[in-house]
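Take a look at the structure set out below.
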Amino acid sequence: MRMNAFFRKHPLAIAIQAPAMGFLILGTSVAEARQEVSQGQERTIGAGYYVDNWYVTGDSHLISNGATLRQSQVVGSRMTLNEGTIAQEIQASGGSKITLNGATVQARSSSPYAIHLTGSTADINNSTVTNQGGVGISAGRNFLTSNGSTVNVSGSTVTGTTMGAIASAFSQLNFINSDVIATDETGVGVRLLGAGATASGSRIVGGQNGVELRYEASDKNSSSLVLDGSHVEGRNGAALLVMGDEYGATDADIKVLNGSTLTGDNGNILEVTGGSTANMNVDNSSLFGDVVVEEGSHAKVQLNNGAWLTGQLKNVAELSVNEASNWVLVGDSNVDALKMGGGAVTFGGPNEFYQLDVKSLDGNGTFVMHTDFSTNQTDFLNVQGKAEGNHSLLLAATGSELAKGEPIKVVHTEGGDAQFALAGGTVDIGAYDYGLKKEGTDWLLDPSRRGTSTTAHSVLALFNSAPTVLYGEMSILRTRMGELRFSEGAGNGMWMRSYGNKFNVAANKNGAGYTQNQKGFTIGADAPLSGGDGQWIAGMMAGHSVSDLSLNRGSSGEVKSYYVGGYATWMDAESGLYFDGVAKLNRLHTDNNVTMSDGKKAKGNYAQNAVGASAEFGRHIKLDDGFFVEPYGQLSATITQAQSYDLTNGLHAKGDRSSSVVGKLGVTAGKNIQLESGGILQPYLRTAVAHEFDQSNKVFINDQSFNNDLSGSRIELAAGVAMAVSENVKLHADFETSQGKKIDQPWGVNFGVRYDF
């Protein structure tokens, strides 16, 4: 090893090595006031034992079980201070080992160190080390060797005024579940002079800076710090300072792991000065603060394994944003080389518009950006050199419209083969969504490429859902015919139906397709009319249903319906002719939950009234052997109240009064089977052709007009069974499906029971 490695040192390095020499001189002058343990002796002292000075040498061992010690010097030997021991400053050299188990070391105010090691080791467990006039722990080496010191601190507190701990080249500090504190306003929690330190579950606090990484000699300039689930704080300065000066520069390697945090009172989590170089790897941790690199210095930052960094990067040479990691800008920033490894760069928050300047870009990643489409203000990625790789732009969606129909530039490059695309392909802006286009080496939002936005899809779907909600509720009424014929209209009755329906509504030119799942129940009661010669039955009903809508991009909606109604049925037993009329009043409560193109949510809700009515006329024709056919025709209509509401993204929606008129022609065929128990079983099949006549239901979204047109025909098929269990109890089950131009019903089921008095 070259001699200048030992002699050409930073003045601070000399300072932590000098006390070892000085103590040897001091020891000879006070020899008469000290006790010695030497020549391989092992000595144990207990509570009540008090000695001014201990001198342990010659591979000896001093053990204290609760004694009180003042100054101690250990040379090539061991000292163990157990529970209850109180000691003043300790100096150890020549390969000594100091062990503290539940002990207290309190240095005198005149002492520069509480514990000073030269080429030695200390294990400090569940103990307290305090120096109110200097450094808590010093780990050094002597002038002529590479034998550094190692300090292992577990479950303990180390406090100094100027520094909590300091270490020289070839030395190592390890903190586990411990606190290291420097209390002076200019104090440093931990200072590393070409040394290494690890902290696990620990806290390092400095009155000025949390940890300073410096150099010892011109070729002993590498310091390292590993933080694992730990916190570092600089109360008047930076959390971490990598520092060079007129004597030389520092190379530092920093790892911030597993939920570690950094806090700098000046807003800086890392500063690099004096021509130094720092490499900081942040892994599975979230950091808030800036990284500031002085001109002439150099820094690389890596974000790995879900790491987050929120802050500015100033003059950083290289930033790597890897899988699941995120850099959040809080101001205009610049990075020489930006390497995207599957992570994201987020340009602040809404209404904060920043510019990121990079000299080169490569890899694959996502840029989360904001644009105020009412003012054309935007975040901006400026690549001053070549851009490579494939990147996504996640532009924040909004409910407002474009102020102008002009392209908005969001990315500039000076060349390269980079490709940029909008995440999800489009960005929602008010009623429409827009695409991205390339012009030369720039990328712009393209107002000429537009479709219906996700929010608009959701609004149109919910305004369209009322007819299917109402018809799903009314379809259960005609299935009562078999039960009524069992009763022959002779008595009062009560009935209940539970039902479920699924509707698939096809996307129209506005793209507003959706799936609707409905479930509900209805209860009713009816009685023969006295003036109807036993042929008329009238009743009342009430019920509730819930319809869940599945929409684009994971959006959803819910319609809660509460209804009351009345009905009248005429059946002529002789001719088989019948008529069934229903009128119903609904109160609909609708919730809209939209997932926009940027993954964020927009919500809105409204309530409206609706009325519906249906009239059905048919004939029940009896055939031989209990068979029957029943041709019928039906006309149904609904009217839904006009309503308007605002979503949380600022979009305004208004639906005009809407209507639906459906005509239906069909036939039912079945058979009455007499059971040995005296009951009757009536299985049946039904088919029909239905047509929606209404073609115009206007919806306005931010004053843009859309037409909800669900007109068209569909074919319906059904199978069911009605059963007279006894004279009083009737049961019913029905399954139906339909397929049409605009609306499909994959399934609809209902189950019911009727009781006649």
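Lettering and numbering for the structure tokens are positional, with chains as A, B, ... in the shown order, residues counted from 1 in each chain, and ligands counted from 1 in the shown order.
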
*Run DSSP on the backbone and give me the residues of region 207-320 of chain A it puts in strand (DSSP E or B), as a ChimeraX atom specification.*
/A:209-214,217,220,222-228,231-234,240-242,245,248,251-257,261-264,268-272,277-283,286-288,290-293,298-304,308-310,313-314,316-320

*Excluding same-chain residues fewer than 3 positions from region 639-654 of chain A, what lies within 8 Å of it counting only C-alpha atoms, as a list in words?*
Thr398, Gly399, Ser400, Gly430, Ala431, Val459, Ala466, Ala602, Lys603, Gly604, Asn605, Tyr606, Ala607, Gln608, Asn609, Ala610, Val611, Gly612, Arg657, Ser658, Ser659, Ser660, Val699, Phe700, Ile701 and Asn702 of chain A

*Pick the closest to Gly424 (chain A) from A:Ser453, A:Gln535, A:Ser597, A:Thr263: which is it, counting only C-alpha atoms?*
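Ranking A:Ser453, A:Gln535, A:Ser597, A:Thr263 by distance to Gly424 (chain A), first place goes to A:Ser597.
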
*Which is closest to Ala195 (chain A) among A:Leu462, A:Leu551, A:Ala169, A:Val211, if we use only C-alpha atoms?*
A:Ala169

*For region 200-207 of chain A, please output as a list in words all residues within 7 Å (counting only C-alpha atoms; exclusion window: fewer than 3 positions along the same chain).*
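That gives Phe175, Ile176, Asn177, Ser178, Asp179, Val180, Ile181, Ala182, Thr183, Asp184, Glu185, Thr186, Gly187, Val188, Gly189, Gly210, Leu227, Asp228, Gly229, Ser230, His231, Val232, Glu233, Gly234, Arg235 and Asn236 of chain A.
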
*asked:* Could you pull out the helix (DSSP H, G or I) residues of region 232-473 of chain A, going by DSSP on the backbone, and write them as a ChimeraX atom specification?
replied: /A:454-473

*If we count only C-alpha atoms, what is near region 406-416 of chain A at a cut-off of 7 Å, once residues fewer than 6 positions away on the same chain are taken out, given as an MDAnalysis selection string?*
chainID A and resid 376 378:388 441:447

Now that the selection is made, can you save its residues with N, CA and C atoms as a CSV table (one decimal), in the first residue's frame?
chain,number,residue,atom,x,y,z
A,376,ASN,N,-55.4,25.7,-22.5
A,376,ASN,CA,-54.3,25.1,-23.2
A,376,ASN,C,-53.0,25.1,-22.5
A,378,THR,N,-50.2,23.3,-20.2
A,378,THR,CA,-49.9,21.9,-20.2
A,378,THR,C,-48.6,21.6,-19.5
A,379,ASP,N,-48.4,20.4,-19.0
A,379,ASP,CA,-47.1,19.9,-18.6
A,379,ASP,C,-46.3,19.6,-19.9
A,380,PHE,N,-45.0,19.6,-19.9
A,380,PHE,CA,-44.2,19.5,-21.1
A,380,PHE,C,-43.0,18.7,-20.9
A,381,LEU,N,-42.8,17.7,-21.7
A,381,LEU,CA,-41.5,16.9,-21.7
A,381,LEU,C,-40.7,17.3,-22.8
A,382,ASN,N,-39.5,17.9,-22.5
A,382,ASN,CA,-38.6,18.4,-23.5
A,382,ASN,C,-37.3,17.6,-23.5
A,383,VAL,N,-37.2,16.8,-24.6
A,383,VAL,CA,-36.0,15.9,-24.7
A,383,VAL,C,-35.0,16.7,-25.7
A,384,GLN,N,-33.9,17.2,-25.1
A,384,GLN,CA,-33.0,18.0,-25.8
A,384,GLN,C,-32.1,17.3,-26.7
A,385,GLY,N,-32.1,16.0,-26.6
A,385,GLY,CA,-31.3,15.1,-27.5
A,385,GLY,C,-32.2,14.0,-28.1
A,386,LYS,N,-31.6,12.8,-28.2
A,386,LYS,CA,-32.3,11.7,-28.8
A,386,LYS,C,-33.3,11.0,-27.8
A,387,ALA,N,-34.4,10.6,-28.2
A,387,ALA,CA,-35.4,9.9,-27.4
A,387,ALA,C,-35.5,8.5,-28.0
A,388,GLU,N,-35.4,7.5,-27.2
A,388,GLU,CA,-35.5,6.1,-27.6
A,388,GLU,C,-36.6,5.4,-26.8
A,441,THR,N,-40.7,15.7,-34.9
A,441,THR,CA,-40.2,15.0,-33.7
A,441,THR,C,-41.0,15.5,-32.5
A,442,ASP,N,-42.2,16.0,-32.7
A,442,ASP,CA,-43.1,16.5,-31.6
A,442,ASP,C,-44.3,15.6,-31.6
A,443,TRP,N,-44.9,15.6,-30.4
A,443,TRP,CA,-46.1,14.8,-30.2
A,443,TRP,C,-47.2,15.7,-29.6
A,444,LEU,N,-48.4,15.7,-30.3
A,444,LEU,CA,-49.4,16.7,-29.9
A,444,LEU,C,-50.8,16.0,-29.7
A,445,LEU,N,-51.6,16.5,-28.9
A,445,LEU,CA,-53.0,16.1,-28.7
A,445,LEU,C,-53.7,16.5,-29.9
A,446,ASP,N,-54.5,15.6,-30.6
A,446,ASP,CA,-55.1,15.8,-31.9
A,446,ASP,C,-56.6,16.0,-31.7
A,447,PRO,N,-57.1,17.2,-31.8
A,447,PRO,CA,-58.6,17.4,-31.7
A,447,PRO,C,-59.4,16.9,-32.9

*Nearest to Val559 (chain A) among A:Asp591, A:Asp372, A:Glu473, A:Asp428, with distances taken over only C-alpha atoms: which residue is it?*
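Nearest candidate to Val559 (chain A) out of A:Asp591, A:Asp372, A:Glu473, A:Asp428: A:Asp591.
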
_Can you pull out the residues contacting region 127-129 of chain A? Cut-off 7 Å, using only C-alpha atoms, and skip same-chain residues under 5 positions away; I want them as a PyMOL selection string._
chain A and resi 100-106+114+136+156-159
